[in-house]
>>> print(open('query20.cif').read())   # mmCIF, C-alpha atoms; chains and numbers go by the auth columns
data_run
loop_
_atom_site.group_PDB
_atom_site.id
_atom_site.type_symbol
_atom_site.label_atom_id
_atom_site.label_comp_id
_atom_site.label_asym_id
_atom_site.label_seq_id
_atom_site.Cartn_x
_atom_site.Cartn_y
_atom_site.Cartn_z
_atom_site.B_iso_or_equiv
_atom_site.auth_seq_id
_atom_site.auth_asym_id
ATOM 1 C CA MET A 1 -83.585 -136.791 153.614 0.00 1 A
ATOM 2 C CA PRO A 2 -82.327 -137.162 157.171 0.00 2 A
ATOM 3 C CA ALA A 3 -80.629 -140.391 158.158 0.00 3 A
ATOM 4 C CA ARG A 4 -82.832 -141.004 161.192 0.00 4 A
ATOM 5 C CA GLN A 5 -86.156 -142.720 160.737 0.00 5 A
ATOM 6 C CA VAL A 6 -89.140 -140.368 160.697 0.00 6 A
ATOM 7 C CA PRO A 7 -92.071 -141.740 162.736 0.00 7 A
ATOM 8 C CA ASP A 8 -95.234 -142.329 160.736 0.00 8 A
ATOM 9 C CA ILE A 9 -97.216 -140.153 163.146 0.00 9 A
ATOM 10 C CA VAL A 10 -94.959 -137.229 162.219 0.00 10 A
ATOM 11 C CA ILE A 11 -95.503 -137.833 158.499 0.00 11 A
ATOM 12 C CA GLY A 12 -99.224 -137.860 159.264 0.00 12 A
ATOM 13 C CA ARG A 13 -99.053 -134.343 160.703 0.00 13 A
ATOM 14 C CA LEU A 14 -97.140 -132.822 157.778 0.00 14 A
ATOM 15 C CA PRO A 15 -100.234 -132.557 155.519 0.00 15 A
ATOM 16 C CA VAL A 16 -102.017 -130.789 158.400 0.00 16 A
ATOM 17 C CA TYR A 17 -99.205 -128.236 158.542 0.00 17 A
ATOM 18 C CA LEU A 18 -99.192 -127.902 154.762 0.00 18 A
ATOM 19 C CA ARG A 19 -102.933 -127.244 154.647 0.00 19 A
ATOM 20 C CA MET A 20 -102.663 -124.543 157.315 0.00 20 A
ATOM 21 C CA LEU A 21 -99.780 -122.922 155.446 0.00 21 A
ATOM 22 C CA THR A 22 -101.973 -122.873 152.329 0.00 22 A
ATOM 23 C CA HIS A 23 -104.629 -120.997 154.325 0.00 23 A
ATOM 24 C CA LEU A 24 -102.021 -118.591 155.658 0.00 24 A
ATOM 25 C CA MET A 25 -100.775 -117.870 152.149 0.00 25 A
ATOM 26 C CA ALA A 26 -104.370 -117.113 151.114 0.00 26 A
ATOM 27 C CA GLU A 27 -104.451 -114.618 154.001 0.00 27 A
ATOM 28 C CA ASN A 28 -101.272 -113.028 152.576 0.00 28 A
ATOM 29 C CA LYS A 29 -99.413 -113.841 155.777 0.00 29 A
ATOM 30 C CA LEU A 30 -95.651 -113.807 155.257 0.00 30 A
ATOM 31 C CA VAL A 31 -94.304 -115.145 158.553 0.00 31 A
ATOM 32 C CA VAL A 32 -95.780 -117.427 161.201 0.00 32 A
ATOM 33 C CA SER A 33 -94.411 -118.595 164.534 0.00 33 A
ATOM 34 C CA SER A 34 -94.634 -122.136 165.852 0.00 34 A
ATOM 35 C CA LYS A 35 -96.787 -120.717 168.655 0.00 35 A
ATOM 36 C CA GLU A 36 -99.349 -119.287 166.229 0.00 36 A
ATOM 37 C CA LEU A 37 -99.335 -122.474 164.162 0.00 37 A
ATOM 38 C CA GLY A 38 -99.886 -124.452 167.331 0.00 38 A
ATOM 39 C CA GLN A 39 -102.782 -122.258 168.416 0.00 39 A
ATOM 40 C CA ARG A 40 -104.469 -122.587 165.032 0.00 40 A
ATOM 41 C CA LEU A 41 -103.994 -126.361 164.891 0.00 41 A
ATOM 42 C CA ASN A 42 -104.373 -127.204 168.586 0.00 42 A
ATOM 43 C CA ILE A 43 -100.888 -128.749 168.547 0.00 43 A
ATOM 44 C CA SER A 44 -98.142 -127.617 170.899 0.00 44 A
ATOM 45 C CA ALA A 45 -95.484 -125.313 169.480 0.00 45 A
ATOM 46 C CA ALA A 46 -92.824 -127.685 170.840 0.00 46 A
ATOM 47 C CA GLN A 47 -94.360 -130.592 168.918 0.00 47 A
ATOM 48 C CA ILE A 48 -94.369 -128.600 165.688 0.00 48 A
ATOM 49 C CA ARG A 49 -90.728 -127.640 166.116 0.00 49 A
ATOM 50 C CA LYS A 50 -89.796 -131.241 166.910 0.00 50 A
ATOM 51 C CA ASP A 51 -91.681 -132.551 163.863 0.00 51 A
ATOM 52 C CA LEU A 52 -89.986 -130.096 161.520 0.00 52 A
ATOM 53 C CA SER A 53 -86.561 -130.784 163.034 0.00 53 A
ATOM 54 C CA TYR A 54 -86.601 -134.243 161.430 0.00 54 A
ATOM 55 C CA PHE A 55 -86.174 -132.520 158.074 0.00 55 A
ATOM 56 C CA GLY A 56 -83.632 -129.844 158.906 0.00 56 A
ATOM 57 C CA GLY A 57 -83.749 -126.260 160.086 0.00 57 A
ATOM 58 C CA PHE A 58 -86.684 -124.087 159.079 0.00 58 A
ATOM 59 C CA GLY A 59 -86.899 -120.495 160.231 0.00 59 A
ATOM 60 C CA LYS A 60 -84.905 -118.780 162.966 0.00 60 A
ATOM 61 C CA GLN A 61 -85.515 -118.703 166.690 0.00 61 A
ATOM 62 C CA GLY A 62 -87.622 -115.683 167.539 0.00 62 A
ATOM 63 C CA ALA A 63 -88.248 -114.872 163.877 0.00 63 A
ATOM 64 C CA GLY A 64 -90.746 -117.578 162.947 0.00 64 A
ATOM 65 C CA TYR A 65 -91.135 -119.382 159.650 0.00 65 A
ATOM 66 C CA ASN A 66 -91.398 -117.877 156.205 0.00 66 A
ATOM 67 C CA VAL A 67 -94.829 -119.167 155.166 0.00 67 A
ATOM 68 C CA ALA A 68 -94.132 -119.547 151.440 0.00 68 A
ATOM 69 C CA SER A 69 -90.733 -121.172 151.985 0.00 69 A
ATOM 70 C CA LEU A 70 -92.042 -123.647 154.544 0.00 70 A
ATOM 71 C CA HIS A 71 -94.973 -124.462 152.262 0.00 71 A
ATOM 72 C CA ALA A 72 -92.547 -125.188 149.417 0.00 72 A
ATOM 73 C CA GLU A 73 -90.320 -127.338 151.639 0.00 73 A
ATOM 74 C CA LEU A 74 -93.205 -129.427 152.975 0.00 74 A
ATOM 75 C CA SER A 75 -94.554 -129.845 149.443 0.00 75 A
ATOM 76 C CA ARG A 76 -91.132 -131.162 148.432 0.00 76 A
ATOM 77 C CA ILE A 77 -90.903 -133.495 151.428 0.00 77 A
ATOM 78 C CA LEU A 78 -94.385 -134.881 150.732 0.00 78 A
ATOM 79 C CA LYS A 79 -93.555 -135.041 147.010 0.00 79 A
ATOM 80 C CA VAL A 80 -96.601 -133.053 145.915 0.00 80 A
ATOM 81 C CA GLU A 81 -94.811 -130.238 144.096 0.00 81 A
ATOM 82 C CA GLU A 82 -96.312 -131.501 140.857 0.00 82 A
ATOM 83 C CA ILE A 83 -99.623 -133.140 139.984 0.00 83 A
ATOM 84 C CA ARG A 84 -99.667 -136.928 140.450 0.00 84 A
ATOM 85 C CA SER A 85 -102.057 -139.159 138.532 0.00 85 A
ATOM 86 C CA VAL A 86 -104.539 -141.283 140.465 0.00 86 A
ATOM 87 C CA VAL A 87 -106.593 -144.285 139.343 0.00 87 A
ATOM 88 C CA LEU A 88 -110.006 -144.644 140.986 0.00 88 A
ATOM 89 C CA ILE A 89 -111.490 -148.145 140.993 0.00 89 A
ATOM 90 C CA GLY A 90 -115.215 -148.492 141.639 0.00 90 A
ATOM 91 C CA VAL A 91 -117.571 -145.754 140.420 0.00 91 A
ATOM 92 C CA GLY A 92 -120.603 -146.341 142.617 0.00 92 A
ATOM 93 C CA ASP A 93 -122.045 -143.437 144.591 0.00 93 A
ATOM 94 C CA LEU A 94 -118.839 -142.829 146.568 0.00 94 A
ATOM 95 C CA GLY A 95 -116.567 -143.280 143.559 0.00 95 A
ATOM 96 C CA ARG A 96 -118.623 -140.870 141.477 0.00 96 A
ATOM 97 C CA ALA A 97 -118.515 -138.293 144.264 0.00 97 A
ATOM 98 C CA LEU A 98 -114.730 -138.571 144.471 0.00 98 A
ATOM 99 C CA ALA A 99 -114.417 -138.377 140.686 0.00 99 A
ATOM 100 C CA HIS A 100 -116.372 -135.111 140.741 0.00 100 A
ATOM 101 C CA TYR A 101 -114.419 -133.687 143.682 0.00 101 A
ATOM 102 C CA GLY A 102 -112.447 -130.685 142.535 0.00 102 A
ATOM 103 C CA GLY A 103 -110.071 -130.360 145.469 0.00 103 A
ATOM 104 C CA PHE A 104 -107.506 -132.998 144.510 0.00 104 A
ATOM 105 C CA ALA A 105 -105.690 -130.960 141.856 0.00 105 A
ATOM 106 C CA ASN A 106 -105.149 -128.059 144.271 0.00 106 A
ATOM 107 C CA GLU A 107 -103.259 -130.430 146.578 0.00 107 A
ATOM 108 C CA GLY A 108 -101.097 -132.207 143.997 0.00 108 A
ATOM 109 C CA PHE A 109 -103.347 -135.027 142.765 0.00 109 A
ATOM 110 C CA GLN A 110 -105.586 -135.617 139.775 0.00 110 A
ATOM 111 C CA VAL A 111 -107.895 -138.535 139.104 0.00 111 A
ATOM 112 C CA THR A 112 -106.968 -139.428 135.526 0.00 112 A
ATOM 113 C CA THR A 113 -108.425 -142.939 135.230 0.00 113 A
ATOM 114 C CA LEU A 114 -111.780 -144.448 136.270 0.00 114 A
ATOM 115 C CA LEU A 115 -112.338 -148.218 136.304 0.00 115 A
ATOM 116 C CA ASP A 116 -115.383 -150.381 137.017 0.00 116 A
ATOM 117 C CA ASN A 117 -116.713 -153.867 136.215 0.00 117 A
ATOM 118 C CA ASP A 118 -120.343 -152.848 135.539 0.00 118 A
ATOM 119 C CA PRO A 119 -121.146 -153.033 131.801 0.00 119 A
ATOM 120 C CA ASN A 120 -123.734 -150.282 132.307 0.00 120 A
ATOM 121 C CA LYS A 121 -121.031 -147.917 133.602 0.00 121 A
ATOM 122 C CA ILE A 122 -118.150 -148.835 131.282 0.00 122 A
ATOM 123 C CA GLY A 123 -117.980 -146.305 128.469 0.00 123 A
ATOM 124 C CA THR A 124 -120.012 -143.659 130.306 0.00 124 A
ATOM 125 C CA GLN A 125 -118.662 -140.206 131.107 0.00 125 A
ATOM 126 C CA ILE A 126 -118.029 -138.785 134.553 0.00 126 A
ATOM 127 C CA GLY A 127 -116.911 -135.237 134.075 0.00 127 A
ATOM 128 C CA HIS A 128 -114.249 -135.336 131.371 0.00 128 A
ATOM 129 C CA LEU A 129 -113.278 -138.971 132.033 0.00 129 A
ATOM 130 C CA THR A 130 -114.623 -142.160 130.478 0.00 130 A
ATOM 131 C CA VAL A 131 -115.169 -145.167 132.740 0.00 131 A
ATOM 132 C CA GLU A 132 -112.962 -148.029 131.553 0.00 132 A
ATOM 133 C CA ASP A 133 -113.144 -151.790 132.065 0.00 133 A
ATOM 134 C CA VAL A 134 -111.471 -152.935 135.300 0.00 134 A
ATOM 135 C CA ARG A 135 -110.362 -156.092 133.451 0.00 135 A
ATOM 136 C CA GLU A 136 -107.831 -153.851 131.695 0.00 136 A
ATOM 137 C CA LEU A 137 -106.554 -152.501 135.014 0.00 137 A
ATOM 138 C CA GLU A 138 -102.995 -153.811 134.852 0.00 138 A
ATOM 139 C CA PRO A 139 -102.074 -152.719 131.306 0.00 139 A
ATOM 140 C CA ILE A 140 -103.768 -149.350 131.820 0.00 140 A
ATOM 141 C CA ILE A 141 -101.853 -148.612 135.028 0.00 141 A
ATOM 142 C CA ARG A 142 -98.556 -149.757 133.503 0.00 142 A
ATOM 143 C CA GLU A 143 -98.993 -147.747 130.306 0.00 143 A
ATOM 144 C CA ARG A 144 -99.954 -144.577 132.198 0.00 144 A
ATOM 145 C CA GLY A 145 -97.315 -144.955 134.903 0.00 145 A
ATOM 146 C CA ILE A 146 -99.816 -144.535 137.727 0.00 146 A
ATOM 147 C CA GLN A 147 -98.507 -145.154 141.256 0.00 147 A
ATOM 148 C CA ILE A 148 -101.517 -144.127 143.359 0.00 148 A
ATOM 149 C CA ALA A 149 -104.858 -145.946 143.518 0.00 149 A
ATOM 150 C CA VAL A 150 -108.131 -145.170 145.273 0.00 150 A
ATOM 151 C CA ILE A 151 -110.286 -148.238 145.920 0.00 151 A
ATOM 152 C CA THR A 152 -114.024 -147.720 146.468 0.00 152 A
ATOM 153 C CA THR A 153 -115.187 -151.226 145.595 0.00 153 A
ATOM 154 C CA PRO A 154 -117.217 -153.562 147.835 0.00 154 A
ATOM 155 C CA ALA A 155 -115.114 -155.291 150.496 0.00 155 A
ATOM 156 C CA HIS A 156 -115.135 -158.694 148.787 0.00 156 A
ATOM 157 C CA ALA A 157 -113.452 -157.258 145.676 0.00 157 A
ATOM 158 C CA ALA A 158 -110.924 -154.931 147.310 0.00 158 A
ATOM 159 C CA GLN A 159 -108.077 -157.396 147.975 0.00 159 A
ATOM 160 C CA GLY A 160 -108.071 -158.710 144.406 0.00 160 A
ATOM 161 C CA ILE A 161 -108.106 -155.145 143.073 0.00 161 A
ATOM 162 C CA ALA A 162 -105.248 -154.181 145.376 0.00 162 A
ATOM 163 C CA ASP A 163 -103.206 -157.207 144.258 0.00 163 A
ATOM 164 C CA ALA A 164 -103.679 -156.285 140.598 0.00 164 A
ATOM 165 C CA CYS A 165 -102.777 -152.645 141.267 0.00 165 A
ATOM 166 C CA ILE A 166 -99.566 -153.674 143.024 0.00 166 A
ATOM 167 C CA ARG A 167 -98.575 -156.028 140.189 0.00 167 A
ATOM 168 C CA ALA A 168 -99.033 -153.103 137.801 0.00 168 A
ATOM 169 C CA GLY A 169 -96.752 -150.802 139.806 0.00 169 A
ATOM 170 C CA VAL A 170 -99.023 -148.990 142.276 0.00 170 A
ATOM 171 C CA ARG A 171 -97.155 -148.107 145.480 0.00 171 A
ATOM 172 C CA ALA A 172 -99.789 -146.145 147.410 0.00 172 A
ATOM 173 C CA ILE A 173 -103.423 -147.086 148.008 0.00 173 A
ATOM 174 C CA LEU A 174 -106.233 -145.094 149.590 0.00 174 A
ATOM 175 C CA ASN A 175 -108.776 -147.732 150.600 0.00 175 A
ATOM 176 C CA TYR A 176 -112.422 -146.893 151.261 0.00 176 A
ATOM 177 C CA ALA A 177 -113.521 -150.542 151.277 0.00 177 A
ATOM 178 C CA PRO A 178 -114.283 -151.850 154.807 0.00 178 A
ATOM 179 C CA ILE A 179 -111.486 -154.409 154.815 0.00 179 A
ATOM 180 C CA THR A 180 -107.845 -154.564 155.881 0.00 180 A
ATOM 181 C CA LEU A 181 -105.674 -155.140 152.836 0.00 181 A
ATOM 182 C CA GLN A 182 -102.663 -157.453 152.791 0.00 182 A
ATOM 183 C CA VAL A 183 -99.872 -155.705 150.909 0.00 183 A
ATOM 184 C CA PRO A 184 -96.063 -155.985 150.657 0.00 184 A
ATOM 185 C CA GLU A 185 -93.888 -153.711 152.772 0.00 185 A
ATOM 186 C CA HIS A 186 -93.054 -151.324 149.939 0.00 186 A
ATOM 187 C CA VAL A 187 -96.730 -150.422 149.416 0.00 187 A
ATOM 188 C CA ARG A 188 -98.393 -147.850 151.672 0.00 188 A
ATOM 189 C CA VAL A 189 -102.108 -148.135 152.482 0.00 189 A
ATOM 190 C CA GLN A 190 -104.291 -145.472 154.060 0.00 190 A
ATOM 191 C CA TYR A 191 -107.758 -146.444 155.263 0.00 191 A
ATOM 192 C CA THR A 192 -110.829 -144.207 155.187 0.00 192 A
ATOM 193 C CA ASP A 193 -113.837 -145.960 156.697 0.00 193 A
ATOM 194 C CA PRO A 194 -116.616 -143.509 157.707 0.00 194 A
ATOM 195 C CA VAL A 195 -118.326 -146.145 159.876 0.00 195 A
ATOM 196 C CA MET A 196 -115.182 -146.702 161.950 0.00 196 A
ATOM 197 C CA HIS A 197 -114.764 -142.952 162.446 0.00 197 A
ATOM 198 C CA LEU A 198 -118.393 -142.645 163.540 0.00 198 A
ATOM 199 C CA GLN A 199 -117.971 -145.547 165.960 0.00 199 A
ATOM 200 C CA ARG A 200 -114.892 -143.889 167.402 0.00 200 A
ATOM 201 C CA MET A 201 -116.856 -140.677 167.989 0.00 201 A
ATOM 202 C CA THR A 202 -119.881 -142.346 169.553 0.00 202 A
ATOM 203 C CA TYR A 203 -117.647 -143.574 172.381 0.00 203 A
ATOM 204 C CA TYR A 204 -117.515 -139.970 173.585 0.00 204 A
ATOM 205 C CA LEU A 205 -121.264 -139.262 173.314 0.00 205 A
#
>>> encode(input="query20.cif", output="structure tokens")
Amino acid sequence: MPARQVPDIVIGRLPVYLRMLTHLMAENKLVVSSKELGQRLNISAAQIRKDLSYFGGFGKQGAGYNVASLHAELSRILKVEEIRSVVLIGVGDLGRALAHYGGFANEGFQVTTLLDNDPNKIGTQIGHLTVEDVRELEPIIRERGIQIAVITTPAHAAQGIADACIRAGVRAILNYAPITLQVPEHVRVQYTDPVMHLQRMTYYL
């Protein structure tokens, strides 16, 4: 890893590059230039080259990038070379939809644990997983060594769930609850609030 600090906005673009490289591999494309990547992603070629320069030299000037090699390098940088287990807390409509979503495994993640506090849901099956009691959250996460959590609970419950996850060893949280979580510095939180995204778009209507 390079000594200089990598801006968070750069880290945020790496999955975009990785996804495009996955598409290019499906097209059997062997080499891609920063210009072509930029055209496909609506990002300048200079920005792409600058982003990648944080992590060393990839490709040669005038020759472009080897698609498979760059895909492998970005997978390593993002630490998704192997499947990582995810705990999903809250199996309402959104949680059930995410539990059924089949795209996680293709990108390095697999929901392996479902938790809820509703007695009518605990013990039921969603796909191949059984919904477990959220009161057992901490021992379950510790025993299974899970470091990533997805929270789809109501807002009033999300902070308490996040606190318990962190005590159990979770270091990354994807939060769908409409609330800003208070977490220690070593824990990363990503927010996905559809209402906020819609409000952002309506500004431009």
>>> resolve_selection(input="query20.cif", expression="the PyMOL selection byres ((chain A and resi 26-33) around 8)", output="compact mmCIF listing (two decimals) with C-alpha atoms, keeping the file's coordinate frame")
# COMPACT_ATOMS: atom_id res chain seq x y z
CA THR A 22 -101.97 -122.87 152.33
CA HIS A 23 -104.63 -121.00 154.32
CA LEU A 24 -102.02 -118.59 155.66
CA MET A 25 -100.78 -117.87 152.15
CA SER A 34 -94.63 -122.14 165.85
CA LYS A 35 -96.79 -120.72 168.66
CA GLU A 36 -99.35 -119.29 166.23
CA LEU A 37 -99.34 -122.47 164.16
CA GLY A 62 -87.62 -115.68 167.54
CA ALA A 63 -88.25 -114.87 163.88
CA GLY A 64 -90.75 -117.58 162.95
CA TYR A 65 -91.14 -119.38 159.65
CA ASN A 66 -91.40 -117.88 156.21
CA VAL A 67 -94.83 -119.17 155.17
CA ALA A 68 -94.13 -119.55 151.44
>>> closest_residue(input="query20.cif", among="A:Glu73, A:Asp193, A:Asp118, A:Glu81", to="Thr152 (chain A)", atoms="all atoms listed in the file")
A:Asp193
>>> closest_residue(input="query20.cif", among="A:Ala168, A:Leu174, A:Val87, A:Ile161", to="Glu143 (chain A)", atoms="only C-alpha atoms")
A:Ala168
>>> resolve_selection(input="query20.cif", expression="the PyMOL selection byres ((chain A and resi 93-101) around 8)", output="VMD selection string")
chain A and resid 88 to 92 102 to 104 111 114 126 to 127 152
>>> resolve_selection(input="query20.cif", expression="the PyMOL selection byres ((chain A and resi 177) around 8)", output="list in words")
Ile151, Thr152, Thr153, Pro154, Ala155, Ala158, Asn175, Tyr176, Pro178, Ile179, Thr192 and Asp193 of chain A
>>> residues_near_point(input="query20.cif", point="(-85.7, -128.1, 159.0)", cutoff="12 Å", atoms="all atoms listed in the file", output="PyMOL selection string")
chain A and resi 1-2+48-60+65+69-70+73-74+77
>>> axis_aligned_box(input="query20.cif", around="region 21-25 of chain A", padding_each_side="5 Å", output="lines of an AutoDock Vina configuration file")
center_x = -102.2
center_y = -120.4
center_z = 153.9
size_x = 14.8
size_y = 15.1
size_z = 13.5
>>> closest_residue(input="query20.cif", among="A:Val187, A:Ala157, A:Gly145, A:Pro194", to="Asn117 (chain A)", atoms="all atoms listed in the file")
A:Ala157
>>> residues_around(input="query20.cif", residues="Ser85 (chain A)", least_positions_apart="6", cutoff="10 Å", atoms="only C-alpha atoms", output="list in words")
Ala105, Gly108, Phe109, Gln110, Val111, Thr112, Thr113, Arg144, Gly145, Ile146, Gln147, Ile148 and Ala149 of chain A
>>> closest_residue(input="query20.cif", among="A:Leu181, A:Leu129, A:Ala72, A:Ile141", to="Gly160 (chain A)", atoms="only C-alpha atoms")
A:Leu181
>>> atom_distance(input="query20.cif", atom1="CA of Asn42 (chain A)", atom2="CA of Pro15 (chain A)")
14.7 Å
>>> atom_distance(input="query20.cif", atom1="CA of Met196 (chain A)", atom2="CA of Arg19 (chain A)")
24.1 Å
>>> atom_distance(input="query20.cif", atom1="CA of Arg142 (chain A)", atom2="CA of Arg167 (chain A)")
9.2 Å
>>> decode(input="query20.cif", residues="region 96-113 of chain A", atoms="N, CA and C atoms", output="PDB file, in the first residue's frame")
ATOM      1  N   ARG A  96     -35.570  -8.763   3.198  1.00  0.00           N
ATOM      2  CA  ARG A  96     -35.858  -9.988   2.448  1.00  0.00           C
ATOM      3  C   ARG A  96     -35.394  -9.861   0.999  1.00  0.00           C
ATOM      4  N   ALA A  97     -35.612  -8.684   0.419  1.00  0.00           N
ATOM      5  CA  ALA A  97     -35.171  -8.476  -0.966  1.00  0.00           C
ATOM      6  C   ALA A  97     -33.653  -8.606  -1.073  1.00  0.00           C
ATOM      7  N   LEU A  98     -32.933  -8.014  -0.121  1.00  0.00           N
ATOM      8  CA  LEU A  98     -31.478  -8.117  -0.142  1.00  0.00           C
ATOM      9  C   LEU A  98     -31.015  -9.545   0.097  1.00  0.00           C
ATOM     10  N   ALA A  99     -31.716 -10.262   0.971  1.00  0.00           N
ATOM     11  CA  ALA A  99     -31.351 -11.655   1.249  1.00  0.00           C
ATOM     12  C   ALA A  99     -31.509 -12.521   0.001  1.00  0.00           C
ATOM     13  N   HIS A 100     -32.497 -12.176  -0.831  1.00  0.00           N
ATOM     14  CA  HIS A 100     -32.736 -12.950  -2.052  1.00  0.00           C
ATOM     15  C   HIS A 100     -31.831 -12.511  -3.203  1.00  0.00           C
ATOM     16  N   TYR A 101     -31.212 -11.341  -3.067  1.00  0.00           N
ATOM     17  CA  TYR A 101     -30.412 -10.804  -4.170  1.00  0.00           C
ATOM     18  C   TYR A 101     -29.226 -11.709  -4.466  1.00  0.00           C
ATOM     19  N   GLY A 102     -29.083 -12.082  -5.712  1.00  0.00           N
ATOM     20  CA  GLY A 102     -28.041 -13.033  -6.073  1.00  0.00           C
ATOM     21  C   GLY A 102     -26.740 -12.418  -6.545  1.00  0.00           C
ATOM     22  N   GLY A 103     -26.662 -11.081  -6.564  1.00  0.00           N
ATOM     23  CA  GLY A 103     -25.482 -10.444  -7.126  1.00  0.00           C
ATOM     24  C   GLY A 103     -24.325 -10.253  -6.180  1.00  0.00           C
ATOM     25  N   PHE A 104     -24.531 -10.465  -4.878  1.00  0.00           N
ATOM     26  CA  PHE A 104     -23.445 -10.220  -3.924  1.00  0.00           C
ATOM     27  C   PHE A 104     -22.263 -11.156  -4.142  1.00  0.00           C
ATOM     28  N   ALA A 105     -22.545 -12.446  -4.298  1.00  0.00           N
ATOM     29  CA  ALA A 105     -21.471 -13.442  -4.383  1.00  0.00           C
ATOM     30  C   ALA A 105     -20.562 -13.177  -5.574  1.00  0.00           C
ATOM     31  N   ASN A 106     -21.135 -12.670  -6.680  1.00  0.00           N
ATOM     32  CA  ASN A 106     -20.325 -12.394  -7.865  1.00  0.00           C
ATOM     33  C   ASN A 106     -19.338 -11.261  -7.637  1.00  0.00           C
ATOM     34  N   GLU A 107     -19.578 -10.458  -6.601  1.00  0.00           N
ATOM     35  CA  GLU A 107     -18.724  -9.298  -6.326  1.00  0.00           C
ATOM     36  C   GLU A 107     -17.912  -9.452  -5.042  1.00  0.00           C
ATOM     37  N   GLY A 108     -17.892 -10.656  -4.465  1.00  0.00           N
ATOM     38  CA  GLY A 108     -17.032 -10.911  -3.320  1.00  0.00           C
ATOM     39  C   GLY A 108     -17.714 -10.917  -1.968  1.00  0.00           C
ATOM     40  N   PHE A 109     -19.063 -10.966  -1.952  1.00  0.00           N
ATOM     41  CA  PHE A 109     -19.782 -10.935  -0.679  1.00  0.00           C
ATOM     42  C   PHE A 109     -20.880 -11.991  -0.671  1.00  0.00           C
ATOM     43  N   GLN A 110     -21.165 -12.501   0.519  1.00  0.00           N
ATOM     44  CA  GLN A 110     -22.252 -13.467   0.658  1.00  0.00           C
ATOM     45  C   GLN A 110     -22.956 -13.265   1.990  1.00  0.00           C
ATOM     46  N   VAL A 111     -24.257 -13.037   1.922  1.00  0.00           N
ATOM     47  CA  VAL A 111     -25.043 -12.939   3.154  1.00  0.00           C
ATOM     48  C   VAL A 111     -25.130 -14.342   3.745  1.00  0.00           C
ATOM     49  N   THR A 112     -24.526 -14.515   4.911  1.00  0.00           N
ATOM     50  CA  THR A 112     -24.479 -15.839   5.547  1.00  0.00           C
ATOM     51  C   THR A 112     -25.319 -15.909   6.814  1.00  0.00           C
ATOM     52  N   THR A 113     -25.771 -14.750   7.312  1.00  0.00           N
ATOM     53  CA  THR A 113     -26.508 -14.717   8.574  1.00  0.00           C
ATOM     54  C   THR A 113     -27.631 -13.686   8.484  1.00  0.00           C
TER      55      THR A 113
END
